[in-house]
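What's in model-v4.csv: CSV, C-alpha atoms
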```
chain,number,residue,atom,x,y,z
A,1,MET,CA,-0.1,52.2,80.9
A,2,LYS,CA,-2.5,49.4,80.0
A,3,LEU,CA,-6.1,50.2,80.8
A,4,GLU,CA,-6.4,47.0,82.8
A,5,THR,CA,-3.4,48.0,84.9
A,6,LEU,CA,-4.9,51.5,85.5
A,7,ALA,CA,-8.3,49.9,86.3
A,8,ALA,CA,-6.7,47.5,88.8
A,9,LEU,CA,-4.7,50.3,90.4
A,10,ASN,CA,-7.8,52.4,90.8
A,11,ALA,CA,-9.7,49.4,92.3
A,12,GLU,CA,-6.9,49.0,94.9
A,13,ARG,CA,-6.9,52.7,95.7
A,14,ALA,CA,-10.7,52.8,96.0
A,15,ALA,CA,-10.5,49.9,98.5
A,16,ARG,CA,-7.8,51.7,100.5
A,17,ARG,CA,-5.3,48.9,99.8
A,18,PRO,CA,-1.7,50.0,99.0
A,19,ALA,CA,-0.2,49.2,95.7
A,20,ILE,CA,3.0,49.9,93.8
A,21,LEU,CA,3.3,50.5,90.1
A,22,VAL,CA,6.7,49.4,88.8
A,23,THR,CA,7.7,51.0,85.5
A,24,ASP,CA,10.8,50.2,83.5
A,25,THR,CA,11.5,53.7,82.2
A,26,GLY,CA,13.7,52.4,79.4
A,27,SER,CA,11.1,50.1,77.8
A,28,GLY,CA,7.9,51.5,79.3
A,29,GLU,CA,7.0,48.0,80.6
A,30,GLN,CA,4.9,48.0,83.7
A,31,ARG,CA,3.5,45.8,86.4
A,32,LEU,CA,1.3,46.5,89.4
A,33,VAL,CA,2.3,44.9,92.7
A,34,LYS,CA,-0.6,44.7,95.2
A,35,ALA,CA,0.1,44.7,98.9
A,36,GLU,CA,-1.1,41.1,99.2
A,37,ASP,CA,1.6,40.0,96.6
A,38,LEU,CA,4.4,42.0,98.1
A,39,ALA,CA,6.0,39.2,100.2
A,40,GLY,CA,6.5,37.0,97.2
A,41,ASP,CA,7.9,39.7,94.9
A,42,PRO,CA,11.6,39.6,93.8
A,43,LEU,CA,11.9,43.3,94.7
A,44,ARG,CA,10.2,42.9,98.0
A,45,ALA,CA,12.9,44.6,100.0
A,46,GLU,CA,12.9,47.7,97.9
A,47,LEU,CA,9.2,47.7,97.5
A,48,SER,CA,8.5,47.4,101.3
A,49,ARG,CA,11.0,50.2,102.1
A,50,GLN,CA,9.4,52.6,99.6
A,51,LEU,CA,5.9,51.6,100.8
A,52,ARG,CA,6.7,52.2,104.4
A,53,MET,CA,8.1,55.6,103.6
A,54,GLY,CA,5.1,56.3,101.4
A,55,LYS,CA,7.6,57.5,98.9
A,56,SER,CA,7.9,57.0,95.2
A,57,GLY,CA,11.4,56.8,93.6
A,58,MET,CA,13.8,55.3,91.0
A,59,ILE,CA,15.8,52.2,91.7
A,60,GLU,CA,18.2,50.1,89.6
A,61,ALA,CA,17.7,46.4,89.5
A,62,ALA,CA,19.2,43.9,87.1
A,63,GLY,CA,20.6,46.7,84.9
A,64,LYS,CA,17.2,48.3,84.6
A,65,LYS,CA,16.1,51.7,85.8
A,66,LEU,CA,12.8,51.2,87.5
A,67,PHE,CA,10.4,53.8,88.8
A,68,LEU,CA,8.4,52.6,91.9
A,69,ASN,CA,5.3,54.7,92.2
A,70,VAL,CA,3.8,54.1,95.6
A,71,TYR,CA,0.1,54.5,96.1
A,72,ALA,CA,-0.6,54.3,99.8
A,73,PRO,CA,-4.0,55.2,101.1
A,74,THR,CA,-4.5,58.5,102.8
A,75,ALA,CA,-4.0,57.9,106.5
A,76,LYS,CA,-7.0,58.5,108.7
A,77,LEU,CA,-7.1,59.6,112.3
A,78,VAL,CA,-10.1,58.8,114.5
A,79,ILE,CA,-10.3,61.0,117.6
A,80,VAL,CA,-12.7,59.8,120.3
A,81,GLY,CA,-13.3,62.8,122.6
A,82,ALA,CA,-14.0,66.3,121.4
A,83,VAL,CA,-11.8,67.6,124.3
A,84,HIS,CA,-9.3,70.5,124.5
A,85,ILE,CA,-6.4,68.3,123.3
A,86,SER,CA,-8.5,67.3,120.3
A,87,GLN,CA,-9.0,70.9,119.3
A,88,ALA,CA,-5.2,71.1,118.9
A,89,LEU,CA,-4.8,67.6,117.5
A,90,ALA,CA,-7.4,67.8,114.7
A,91,PRO,CA,-5.8,70.7,112.8
A,92,LEU,CA,-2.3,69.4,113.4
A,93,ALA,CA,-3.2,66.0,112.0
A,94,ARG,CA,-4.9,67.6,109.0
A,95,ALA,CA,-1.7,69.6,108.3
A,96,LEU,CA,0.0,66.2,108.2
A,97,ASP,CA,-2.5,65.1,105.6
A,98,TYR,CA,-4.6,62.8,107.7
A,99,ASP,CA,-8.3,62.5,107.2
A,100,VAL,CA,-9.6,63.4,110.6
A,101,THR,CA,-12.9,62.5,112.3
A,102,VAL,CA,-13.9,63.5,115.8
A,103,VAL,CA,-16.4,61.3,117.7
A,104,ASP,CA,-18.0,62.4,121.0
A,105,PRO,CA,-21.6,61.7,122.0
A,106,ARG,CA,-21.6,64.9,124.2
A,107,THR,CA,-22.9,67.6,121.9
A,108,ALA,CA,-21.6,70.3,124.2
A,109,PHE,CA,-18.1,69.0,123.3
A,110,ALA,CA,-18.7,68.0,119.7
A,111,SER,CA,-19.8,71.3,118.5
A,112,PRO,CA,-18.8,72.9,115.1
A,113,GLU,CA,-17.8,76.1,117.0
A,114,ARG,CA,-15.1,74.1,118.8
A,115,PHE,CA,-14.2,72.1,115.7
A,116,PRO,CA,-14.5,74.2,112.6
A,117,ASP,CA,-14.0,72.3,109.3
A,118,VAL,CA,-13.6,68.9,111.1
A,119,PRO,CA,-16.1,66.1,110.5
A,120,LEU,CA,-17.8,65.5,113.8
A,121,VAL,CA,-19.9,62.6,114.8
A,122,ALA,CA,-22.0,63.3,118.0
A,123,GLU,CA,-22.9,59.7,118.6
A,124,TRP,CA,-21.8,56.9,121.0
A,125,PRO,CA,-19.0,54.8,119.8
A,126,ASP,CA,-21.2,51.8,118.9
A,127,VAL,CA,-23.1,53.9,116.4
A,128,ALA,CA,-20.3,56.3,115.4
A,129,LEU,CA,-17.4,54.0,114.8
A,130,PRO,CA,-18.5,51.1,112.4
A,131,PRO,CA,-19.3,53.5,109.5
A,132,LEU,CA,-15.8,55.1,109.8
A,133,ASN,CA,-14.2,51.9,108.5
A,134,VAL,CA,-11.2,51.8,110.8
A,135,ASP,CA,-8.5,50.0,108.7
A,136,PRO,CA,-4.7,49.4,108.7
A,137,TYR,CA,-4.1,53.0,107.5
A,138,THR,CA,-6.0,54.4,110.5
A,139,ALA,CA,-4.7,55.8,113.7
A,140,PHE,CA,-7.1,55.7,116.6
A,141,VAL,CA,-7.0,57.8,119.8
A,142,ALA,CA,-9.3,57.8,122.8
A,143,LEU,CA,-9.1,61.0,124.7
A,144,THR,CA,-12.3,61.5,126.7
A,145,HIS,CA,-11.0,60.2,130.0
A,146,ASP,CA,-14.5,58.8,130.4
A,147,PRO,CA,-14.6,55.0,130.5
A,148,LYS,CA,-18.2,55.0,129.2
A,149,ILE,CA,-16.9,56.4,126.0
A,150,ASP,CA,-13.3,55.4,125.8
A,151,ASP,CA,-13.7,51.7,126.7
A,152,PRO,CA,-16.2,50.7,124.0
A,153,ALA,CA,-14.2,52.8,121.5
A,154,LEU,CA,-11.0,50.9,122.4
A,155,LEU,CA,-12.8,47.5,122.2
A,156,HIS,CA,-13.9,48.5,118.6
A,157,ALA,CA,-10.3,49.4,117.7
A,158,PHE,CA,-9.0,46.0,118.9
A,159,GLU,CA,-11.3,44.3,116.4
A,160,ARG,CA,-9.7,46.4,113.6
A,161,GLU,CA,-6.2,46.4,112.2
A,162,CYS,CA,-5.5,50.0,112.8
A,163,PHE,CA,-1.7,50.9,112.8
A,164,TYR,CA,-1.9,52.9,116.0
A,165,ILE,CA,-4.0,52.9,119.1
A,166,GLY,CA,-3.4,55.5,121.9
A,167,ALA,CA,-5.3,56.4,125.0
A,168,LEU,CA,-5.0,59.3,127.3
A,169,GLY,CA,-4.3,58.7,131.0
A,170,SER,CA,-1.5,58.2,133.5
A,171,ARG,CA,0.0,54.8,134.1
A,172,LYS,CA,-2.3,54.4,137.1
A,173,THR,CA,-5.4,55.3,135.0
A,174,HIS,CA,-4.2,53.0,132.3
A,175,ALA,CA,-3.8,50.1,134.7
A,176,LYS,CA,-7.4,50.5,135.8
A,177,ARG,CA,-8.5,50.8,132.2
A,178,ALA,CA,-6.6,47.6,131.3
A,179,GLU,CA,-8.5,45.8,134.1
A,180,ARG,CA,-11.8,47.0,132.9
A,181,LEU,CA,-11.1,46.1,129.3
A,182,ARG,CA,-9.9,42.6,130.3
A,183,ALA,CA,-13.2,42.1,132.2
A,184,GLN,CA,-15.0,43.0,128.9
A,185,GLY,CA,-13.1,40.3,127.0
A,186,ALA,CA,-9.9,42.1,125.8
A,187,GLY,CA,-6.7,39.9,125.7
A,188,ASP,CA,-3.2,40.8,126.8
A,189,SER,CA,-2.2,41.3,123.1
A,190,ASP,CA,-5.0,43.8,122.7
A,191,ILE,CA,-4.0,45.8,125.8
A,192,ALA,CA,-0.4,45.7,124.6
A,193,ARG,CA,-1.4,47.5,121.4
A,194,ILE,CA,-2.5,50.6,123.4
A,195,HIS,CA,0.1,53.4,123.6
A,196,ALA,CA,-0.4,54.8,127.1
A,197,PRO,CA,0.5,57.2,128.5
A,198,ILE,CA,-0.2,58.6,125.0
A,199,GLY,CA,2.5,60.4,122.9
A,200,LEU,CA,6.3,60.4,122.8
A,201,PRO,CA,7.8,61.5,126.1
A,202,ILE,CA,8.8,65.1,125.2
A,203,GLY,CA,7.6,66.7,128.4
A,204,ALA,CA,4.4,68.0,126.8
A,205,VAL,CA,2.3,70.1,129.1
A,206,SER,CA,-0.2,72.2,127.1
A,207,PRO,CA,-2.9,70.6,124.9
A,208,SER,CA,-1.0,71.7,121.8
A,209,GLU,CA,2.2,70.1,123.0
A,210,ILE,CA,0.4,66.9,123.9
A,211,ALA,CA,-1.0,67.0,120.3
A,212,VAL,CA,2.6,67.2,119.0
A,213,ALA,CA,3.7,64.3,121.2
A,214,ILE,CA,0.7,62.2,119.9
A,215,MET,CA,1.4,63.0,116.2
A,216,ALA,CA,5.1,62.3,116.7
A,217,GLU,CA,4.3,58.9,118.1
A,218,ILE,CA,1.8,58.2,115.3
A,219,THR,CA,4.3,59.2,112.7
A,220,ALA,CA,7.0,56.9,114.3
A,221,GLN,CA,4.5,54.0,114.2
A,222,LEU,CA,3.7,54.7,110.6
A,223,ARG,CA,7.2,55.3,109.2
A,224,LEU,CA,9.8,53.5,111.3
A,225,PRO,CA,10.8,50.0,110.4
A,226,PRO,CA,9.7,47.4,113.0
A,227,LYS,CA,13.1,47.2,114.8
A,228,GLU,CA,13.7,50.9,115.3
A,229,LYS,CA,10.0,51.2,116.3
A,230,GLU,CA,10.7,48.9,119.3
A,231,GLU,CA,13.7,51.0,120.3
A,232,ALA,CA,11.8,54.3,120.1
A,233,ALA,CA,9.0,52.9,122.2
B,1,MET,CA,-4.5,69.2,100.8
B,2,LEU,CA,-3.2,69.2,97.2
B,3,ASN,CA,-1.2,66.0,97.2
B,4,ARG,CA,-3.9,63.6,96.5
B,5,ASP,CA,-3.9,62.1,93.1
B,6,GLU,CA,-7.2,60.2,93.5
B,7,ASP,CA,-9.3,62.1,90.9
B,8,ILE,CA,-6.4,62.3,88.4
B,9,LEU,CA,-6.1,58.5,87.9
B,10,LYS,CA,-9.8,58.0,88.0
B,11,ALA,CA,-10.2,60.7,85.3
B,12,ALA,CA,-7.5,58.9,83.2
B,13,GLU,CA,-9.6,55.7,83.4
B,14,ASP,CA,-12.9,57.5,82.7
B,15,TRP,CA,-11.5,59.5,79.8
B,16,GLN,CA,-10.0,56.4,78.2
B,17,LYS,CA,-13.2,54.4,78.6
B,18,ALA,CA,-15.1,57.3,77.0
B,19,GLY,CA,-13.0,56.9,73.9
B,20,HIS,CA,-10.4,59.7,74.5
B,21,GLY,CA,-6.7,59.4,73.8
B,22,VAL,CA,-5.1,59.8,77.2
B,23,ALA,CA,-1.6,60.3,78.4
B,24,LEU,CA,-0.2,60.2,81.9
B,25,ALA,CA,2.8,62.3,82.9
B,26,THR,CA,4.6,61.3,86.2
B,27,VAL,CA,7.5,62.9,88.0
B,28,VAL,CA,10.0,60.1,88.4
B,29,GLU,CA,13.1,61.9,89.6
B,30,THR,CA,13.8,65.3,91.2
B,31,TRP,CA,17.0,67.1,92.1
B,32,GLY,CA,17.3,70.3,94.1
B,33,SER,CA,14.3,72.2,95.2
B,34,ALA,CA,11.7,70.5,92.9
B,35,PRO,CA,8.2,71.8,93.4
B,36,ARG,CA,6.4,68.4,93.4
B,37,PRO,CA,7.8,65.0,94.6
B,38,ALA,CA,8.4,61.9,92.6
B,39,GLY,CA,5.1,60.2,91.9
B,40,SER,CA,3.2,63.4,91.2
B,41,SER,CA,1.2,63.1,88.1
B,42,LEU,CA,-0.7,65.0,85.4
B,43,VAL,CA,-3.2,63.4,83.1
B,44,ILE,CA,-4.0,64.8,79.7
B,45,ASN,CA,-6.6,63.9,77.0
B,46,ASP,CA,-6.6,64.4,73.3
B,47,GLU,CA,-8.6,67.7,73.6
B,48,GLY,CA,-5.7,69.1,75.7
B,49,THR,CA,-7.7,69.0,78.9
B,50,PHE,CA,-5.5,68.2,81.9
B,51,LEU,CA,-5.7,67.5,85.6
B,52,GLY,CA,-3.0,67.4,88.3
B,53,SER,CA,0.5,68.8,88.2
B,54,VAL,CA,4.1,67.9,87.9
B,55,SER,CA,5.5,71.2,88.9
B,56,GLY,CA,4.2,74.5,90.4
B,57,GLY,CA,2.9,75.3,87.0
B,58,CYS,CA,6.2,76.1,85.4
B,59,VAL,CA,6.4,73.3,82.9
B,60,GLU,CA,2.9,72.0,82.6
B,61,GLY,CA,2.4,73.7,79.2
B,62,ALA,CA,5.4,71.9,77.7
B,63,VAL,CA,4.4,68.6,79.2
B,64,VAL,CA,0.9,68.9,77.7
B,65,THR,CA,2.4,69.5,74.3
B,66,GLU,CA,4.7,66.5,74.6
B,67,ALA,CA,1.8,64.4,75.9
B,68,LEU,CA,-0.2,65.1,72.8
B,69,ASP,CA,2.7,63.7,70.8
B,70,VAL,CA,2.8,60.6,73.0
B,71,ILE,CA,-1.0,60.1,72.5
B,72,ALA,CA,-0.5,60.2,68.8
B,73,SER,CA,2.6,58.0,68.6
B,74,GLY,CA,1.9,55.6,71.5
B,75,GLN,CA,5.7,55.8,72.4
B,76,PRO,CA,6.6,56.7,76.0
B,77,LYS,CA,9.0,59.6,76.5
B,78,MET,CA,11.2,60.9,79.2
B,79,LEU,CA,11.3,64.6,79.6
B,80,GLU,CA,13.8,66.6,81.7
B,81,PHE,CA,13.3,70.2,82.9
B,82,GLY,CA,15.7,72.3,84.9
B,83,VAL,CA,17.6,75.6,84.9
B,84,ALA,CA,20.8,73.7,83.7
B,85,ASP,CA,18.8,72.5,80.7
B,86,GLU,CA,19.3,74.3,77.4
B,87,THR,CA,15.6,74.8,77.1
B,88,ALA,CA,15.6,76.7,80.4
B,89,TRP,CA,15.0,79.9,78.7
B,90,ASN,CA,11.7,78.5,77.4
B,91,VAL,CA,10.4,76.3,80.2
B,92,GLY,CA,12.8,76.2,83.1
B,93,LEU,CA,11.9,75.7,86.7
B,94,SER,CA,12.2,79.0,88.4
B,95,CYS,CA,12.9,77.3,91.7
B,96,GLY,CA,16.2,76.0,90.5
B,97,GLY,CA,15.4,72.3,90.7
B,98,THR,CA,15.5,69.7,88.0
B,99,ILE,CA,12.8,67.1,87.3
B,100,ARG,CA,12.4,64.2,85.0
B,101,VAL,CA,8.9,63.4,83.8
B,102,PHE,CA,7.9,60.1,82.3
B,103,VAL,CA,5.0,60.5,79.8
B,104,GLU,CA,3.1,57.4,78.7
B,105,LYS,CA,-0.1,56.7,76.8
B,106,VAL,CA,-2.9,55.2,78.7
B,107,GLY,CA,-4.6,52.2,77.1
B,108,GLN,CA,-1.9,50.7,75.0
B,109,SER,CA,-2.0,47.0,74.5
```
Take the structure in this file and express it as structure tokens.
Amino acid sequence: MKLETLAALNAERAARRPAILVTDTGSGEQRLVKAEDLAGDPLRAELSRQLRMGKSGMIEAAGKKLFLNVYAPTAKLVIVGAVHISQALAPLARALDYDVTVVDPRTAFASPERFPDVPLVAEWPDVALPPLNVDPYTAFVALTHDPKIDDPALLHAFERECFYIGALGSRKTHAKRAERLRAQGAGDSDIARIHAPIGLPIGAVSPSEIAVAIMAEITAQLRLPPKEKEEAA
Amino acid sequence: MLNRDEDILKAAEDWQKAGHGVALATVVETWGSAPRPAGSSLVINDEGTFLGSVSGGCVEGAVVTEALDVIASGQPKMLEFGVADETAWNVGLSCGGTIRVFVEKVGQS
């Protein structure tokens, strides 16, 4: 690998932008495809598929055996609300390789005893969220049930291109929330981005089961191609 | 979690810039129950120091040896390891899988 290719790859990774290294395993020739150049690439179909799956692999193209090494940023999960569901969700998400952060200004909730080994930010969303750098590889969930905390958190998520936004609450609760958010300047397209009631409908009852439903929905959002995603929703 | 290759590629860049000969070994294909998925990598410098892994530790020694050759020659190599391989008695994968590992020098023009 050329040093300049390696340096460019490391720069993309440091900036949390996905990139794919294409290697002709016969000749050793290589090129780096950055996410921004994907749409114009002759191998865009294959590259997008591998990138979506976050999976590296061999393909054959024009008689050449090419290795596509996919470098996708580690997915992050921002959990607003250090509630009972979050105590189950945080370790589950970590087992699925997410970088997890829990935000809750209520120090009685956001305590290390309740969340061992999980980064906790005991601040209000306006202070806690900007440094977390919510990006397209971030899933964002609001679980406090308290509009004073959930609403500003969701408004922050709307401003960012996170791949998933979910909020806890029944349809009725969500309708009220949508009204409040609209009054604070959110558009219909913002409201439509919220998955609520949160999680895939698997009949989840306990906090752990709800955590499974949430991670299943986040996984579907991350991995399924756009068409199948609509059908699953 | 152990599947993050961040430090490995950064180390490859840093070692090369510090004047070391460096090779990168990457799992490109797997069959059966291979211990690490395609894309897993190992970086080796000319002092034999290495980071990362391409298997559960079964074939790293052989990969490092081959990588030192690649650093010297500059020519990339494809290695294959598996129980069906005739080298299996030396460096087979105990899990029964087969892996192909592409070894390349870092910093060739």
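Among the candidates B:Ile99, B:Met78, B:Ser55, B:Asn45, the residue lying nearest to chain A is B:Met78 (atoms considered: only C-alpha atoms).
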| Selection: 8 Å around A:Asp97, only C-alpha atoms, excl. self and same-chain fewer than 2 positions, as an MDAnalysis selection string | (chainID A and resid 74:75 93:95 99) or (chainID B and resid 1)
| task | Determine the nearest neighbour of chain A from the options B:Phe81, B:Trp31, B:Phe50, B:Phe102, counting all atoms listed in the file. | result |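 Closest residue, counting all atoms listed in the file: B:Phe102.
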| message | What's the separation between atom CA of A:Ala211 and atom CA of A:Leu89, in Å to one decimal place? | response |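 Straight-line distance from atom CA of A:Ala211 to atom CA of A:Leu89 works out to 4.8 Å.
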| Closest of A:Asp24, A:Asp41, A:Asp188, A:Glu123 to A:Leu68 - atom-to-atom distances counting all atoms listed in the file |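 So, comparing all the options, the nearest one is A:Asp24.
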| query | Quick one: residues within 10 Å of A:Ala11, all atoms listed in the file counted, chain neighbours fewer than 6 positions away excluded, as a list of chain:residue names? | reply |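 Using all atoms listed in the file, the neighbours found are A:Thr5, A:Arg17, B:Lys10.
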Using the selection just defined, write its residues with C-alpha atoms as a compact mmCIF listing (two decimals), keeping the file's coordinate frame.
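Saved the output as out-v2.txt:
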```txt
# COMPACT_ATOMS: atom_id res chain seq x y z
CA THR A 5 -3.40 48.00 84.90
CA ARG A 17 -5.30 48.90 99.80
CA LYS B 10 -9.80 58.00 88.00
```
| Interatomic distance (Å, one decimal) between atom CA of A:Pro207 and atom CA of A:Lys176 |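 Pair atom CA of A:Pro207 / atom CA of A:Lys176 returns 23.3 Å.
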Counting all atoms listed in the file, which residues of chain A sit at most 12 Å from some atom of chain B, and what is each one's closest atom pair with its distance in Å to one decimal, listed by chain and rising residue number, as JSON lines?
```
{"residue": "A:Met1", "atom": "CA", "partner": "B:Val106", "partner_atom": "CA", "distance": 4.7}
{"residue": "A:Lys2", "atom": "CA", "partner": "B:Gly107", "partner_atom": "CA", "distance": 4.5}
{"residue": "A:Leu3", "atom": "CA", "partner": "B:Gly107", "partner_atom": "CA", "distance": 4.5}
{"residue": "A:Glu4", "atom": "CA", "partner": "B:Gly107", "partner_atom": "CA", "distance": 7.9}
{"residue": "A:Thr5", "atom": "CA", "partner": "B:Gly107", "partner_atom": "CA", "distance": 8.9}
{"residue": "A:Leu6", "atom": "CA", "partner": "B:Glu13", "partner_atom": "CA", "distance": 6.6}
{"residue": "A:Ala7", "atom": "CA", "partner": "B:Glu13", "partner_atom": "CA", "distance": 6.6}
{"residue": "A:Ala8", "atom": "CA", "partner": "B:Glu13", "partner_atom": "CA", "distance": 10.2}
{"residue": "A:Leu9", "atom": "CA", "partner": "B:Leu9", "partner_atom": "CA", "distance": 8.7}
{"residue": "A:Asn10", "atom": "CA", "partner": "B:Lys10", "partner_atom": "CA", "distance": 6.6}
{"residue": "A:Ala11", "atom": "CA", "partner": "B:Lys10", "partner_atom": "CA", "distance": 9.6}
{"residue": "A:Glu12", "atom": "CA", "partner": "B:Glu6", "partner_atom": "CA", "distance": 11.3}
{"residue": "A:Arg13", "atom": "CA", "partner": "B:Glu6", "partner_atom": "CA", "distance": 7.8}
{"residue": "A:Ala14", "atom": "CA", "partner": "B:Glu6", "partner_atom": "CA", "distance": 8.6}
{"residue": "A:Ala15", "atom": "CA", "partner": "B:Glu6", "partner_atom": "CA", "distance": 11.9}
{"residue": "A:Arg16", "atom": "CA", "partner": "B:Glu6", "partner_atom": "CA", "distance": 11.0}
{"residue": "A:Ile20", "atom": "CA", "partner": "B:Gly39", "partner_atom": "CA", "distance": 10.7}
{"residue": "A:Leu21", "atom": "CA", "partner": "B:Gly39", "partner_atom": "CA", "distance": 10.0}
{"residue": "A:Val22", "atom": "CA", "partner": "B:Val28", "partner_atom": "CA", "distance": 11.2}
{"residue": "A:Thr23", "atom": "CA", "partner": "B:Phe102", "partner_atom": "CA", "distance": 9.6}
{"residue": "A:Asp24", "atom": "CA", "partner": "B:Phe102", "partner_atom": "CA", "distance": 10.4}
{"residue": "A:Thr25", "atom": "CA", "partner": "B:Phe102", "partner_atom": "CA", "distance": 7.3}
{"residue": "A:Gly26", "atom": "CA", "partner": "B:Met78", "partner_atom": "CA", "distance": 8.9}
{"residue": "A:Ser27", "atom": "CA", "partner": "B:Pro76", "partner_atom": "CA", "distance": 8.2}
{"residue": "A:Gly28", "atom": "CA", "partner": "B:Pro76", "partner_atom": "CA", "distance": 6.3}
{"residue": "A:Glu29", "atom": "CA", "partner": "B:Pro76", "partner_atom": "CA", "distance": 9.8}
{"residue": "A:Gln30", "atom": "CA", "partner": "B:Glu104", "partner_atom": "CA", "distance": 10.8}
{"residue": "A:Gln50", "atom": "CA", "partner": "B:Gly39", "partner_atom": "CA", "distance": 11.6}
{"residue": "A:Gly54", "atom": "CA", "partner": "B:Gly39", "partner_atom": "CA", "distance": 10.3}
{"residue": "A:Lys55", "atom": "CA", "partner": "B:Ala38", "partner_atom": "CA", "distance": 7.7}
{"residue": "A:Ser56", "atom": "CA", "partner": "B:Gly39", "partner_atom": "CA", "distance": 5.4}
{"residue": "A:Gly57", "atom": "CA", "partner": "B:Ala38", "partner_atom": "CA", "distance": 6.0}
{"residue": "A:Met58", "atom": "CA", "partner": "B:Val28", "partner_atom": "CA", "distance": 6.7}
{"residue": "A:Ile59", "atom": "CA", "partner": "B:Glu29", "partner_atom": "CA", "distance": 10.3}
{"residue": "A:Lys65", "atom": "CA", "partner": "B:Val28", "partner_atom": "CA", "distance": 10.7}
{"residue": "A:Leu66", "atom": "CA", "partner": "B:Val28", "partner_atom": "CA", "distance": 9.4}
{"residue": "A:Phe67", "atom": "CA", "partner": "B:Val28", "partner_atom": "CA", "distance": 6.3}
{"residue": "A:Leu68", "atom": "CA", "partner": "B:Gly39", "partner_atom": "CA", "distance": 8.3}
{"residue": "A:Asn69", "atom": "CA", "partner": "B:Gly39", "partner_atom": "CA", "distance": 5.5}
{"residue": "A:Val70", "atom": "CA", "partner": "B:Gly39", "partner_atom": "CA", "distance": 7.3}
{"residue": "A:Tyr71", "atom": "CA", "partner": "B:Gly39", "partner_atom": "CA", "distance": 8.7}
{"residue": "A:Ala72", "atom": "CA", "partner": "B:Arg4", "partner_atom": "CA", "distance": 10.4}
{"residue": "A:Pro73", "atom": "CA", "partner": "B:Arg4", "partner_atom": "CA", "distance": 9.6}
{"residue": "A:Thr74", "atom": "CA", "partner": "B:Arg4", "partner_atom": "CA", "distance": 8.1}
{"residue": "A:Ala75", "atom": "CA", "partner": "B:Arg4", "partner_atom": "CA", "distance": 11.5}
{"residue": "A:Ala93", "atom": "CA", "partner": "B:Met1", "partner_atom": "CA", "distance": 11.7}
{"residue": "A:Arg94", "atom": "CA", "partner": "B:Met1", "partner_atom": "CA", "distance": 8.4}
{"residue": "A:Ala95", "atom": "CA", "partner": "B:Met1", "partner_atom": "CA", "distance": 8.0}
{"residue": "A:Leu96", "atom": "CA", "partner": "B:Met1", "partner_atom": "CA", "distance": 9.2}
{"residue": "A:Asp97", "atom": "CA", "partner": "B:Met1", "partner_atom": "CA", "distance": 6.6}
{"residue": "A:Tyr98", "atom": "CA", "partner": "B:Met1", "partner_atom": "CA", "distance": 9.4}
{"residue": "A:Asp99", "atom": "CA", "partner": "B:Met1", "partner_atom": "CA", "distance": 10.0}
```
Okay, now the selection with C-alpha atoms, as a short mmCIF file (atom, residue, chain, number, x, y, z; two decimals), keeping the file's coordinate frame?
```cif
data_model
loop_
_atom_site.label_atom_id
_atom_site.label_comp_id
_atom_site.auth_asym_id
_atom_site.auth_seq_id
_atom_site.Cartn_x
_atom_site.Cartn_y
_atom_site.Cartn_z
CA MET A 1 -0.10 52.20 80.90
CA LYS A 2 -2.50 49.40 80.00
CA LEU A 3 -6.10 50.20 80.80
CA GLU A 4 -6.40 47.00 82.80
CA THR A 5 -3.40 48.00 84.90
CA LEU A 6 -4.90 51.50 85.50
CA ALA A 7 -8.30 49.90 86.30
CA ALA A 8 -6.70 47.50 88.80
CA LEU A 9 -4.70 50.30 90.40
CA ASN A 10 -7.80 52.40 90.80
CA ALA A 11 -9.70 49.40 92.30
CA GLU A 12 -6.90 49.00 94.90
CA ARG A 13 -6.90 52.70 95.70
CA ALA A 14 -10.70 52.80 96.00
CA ALA A 15 -10.50 49.90 98.50
CA ARG A 16 -7.80 51.70 100.50
CA ILE A 20 3.00 49.90 93.80
CA LEU A 21 3.30 50.50 90.10
CA VAL A 22 6.70 49.40 88.80
CA THR A 23 7.70 51.00 85.50
CA ASP A 24 10.80 50.20 83.50
CA THR A 25 11.50 53.70 82.20
CA GLY A 26 13.70 52.40 79.40
CA SER A 27 11.10 50.10 77.80
CA GLY A 28 7.90 51.50 79.30
CA GLU A 29 7.00 48.00 80.60
CA GLN A 30 4.90 48.00 83.70
CA GLN A 50 9.40 52.60 99.60
CA GLY A 54 5.10 56.30 101.40
CA LYS A 55 7.60 57.50 98.90
CA SER A 56 7.90 57.00 95.20
CA GLY A 57 11.40 56.80 93.60
CA MET A 58 13.80 55.30 91.00
CA ILE A 59 15.80 52.20 91.70
CA LYS A 65 16.10 51.70 85.80
CA LEU A 66 12.80 51.20 87.50
CA PHE A 67 10.40 53.80 88.80
CA LEU A 68 8.40 52.60 91.90
CA ASN A 69 5.30 54.70 92.20
CA VAL A 70 3.80 54.10 95.60
CA TYR A 71 0.10 54.50 96.10
CA ALA A 72 -0.60 54.30 99.80
CA PRO A 73 -4.00 55.20 101.10
CA THR A 74 -4.50 58.50 102.80
CA ALA A 75 -4.00 57.90 106.50
CA ALA A 93 -3.20 66.00 112.00
CA ARG A 94 -4.90 67.60 109.00
CA ALA A 95 -1.70 69.60 108.30
CA LEU A 96 0.00 66.20 108.20
CA ASP A 97 -2.50 65.10 105.60
CA TYR A 98 -4.60 62.80 107.70
CA ASP A 99 -8.30 62.50 107.20
#
```
| task | Excluding B:Val54 and residues on its chain fewer than 4 positions from it, collect all residues at most 8 Å away from it, counting all atoms listed in the file, and give them as a ChimeraX atom specification. | result | /B:25-27,35-36,40-42,59-60,101
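With atom CA of B:Thr98 on one side and atom CA of A:Gly63 on the other, the separation reads 23.8 Å.
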Please enclose the listed atoms of stretch 33-42 of chain B in an axis-aligned box, pad each side by 5 Å, and write out the centre and the three edge lengths in Å, rounded to one decimal, as JSON.
```
{"center_x": 6.8, "center_y": 66.2, "center_z": 90.3, "size_x": 25.0, "size_y": 22.0, "size_z": 19.8}
```
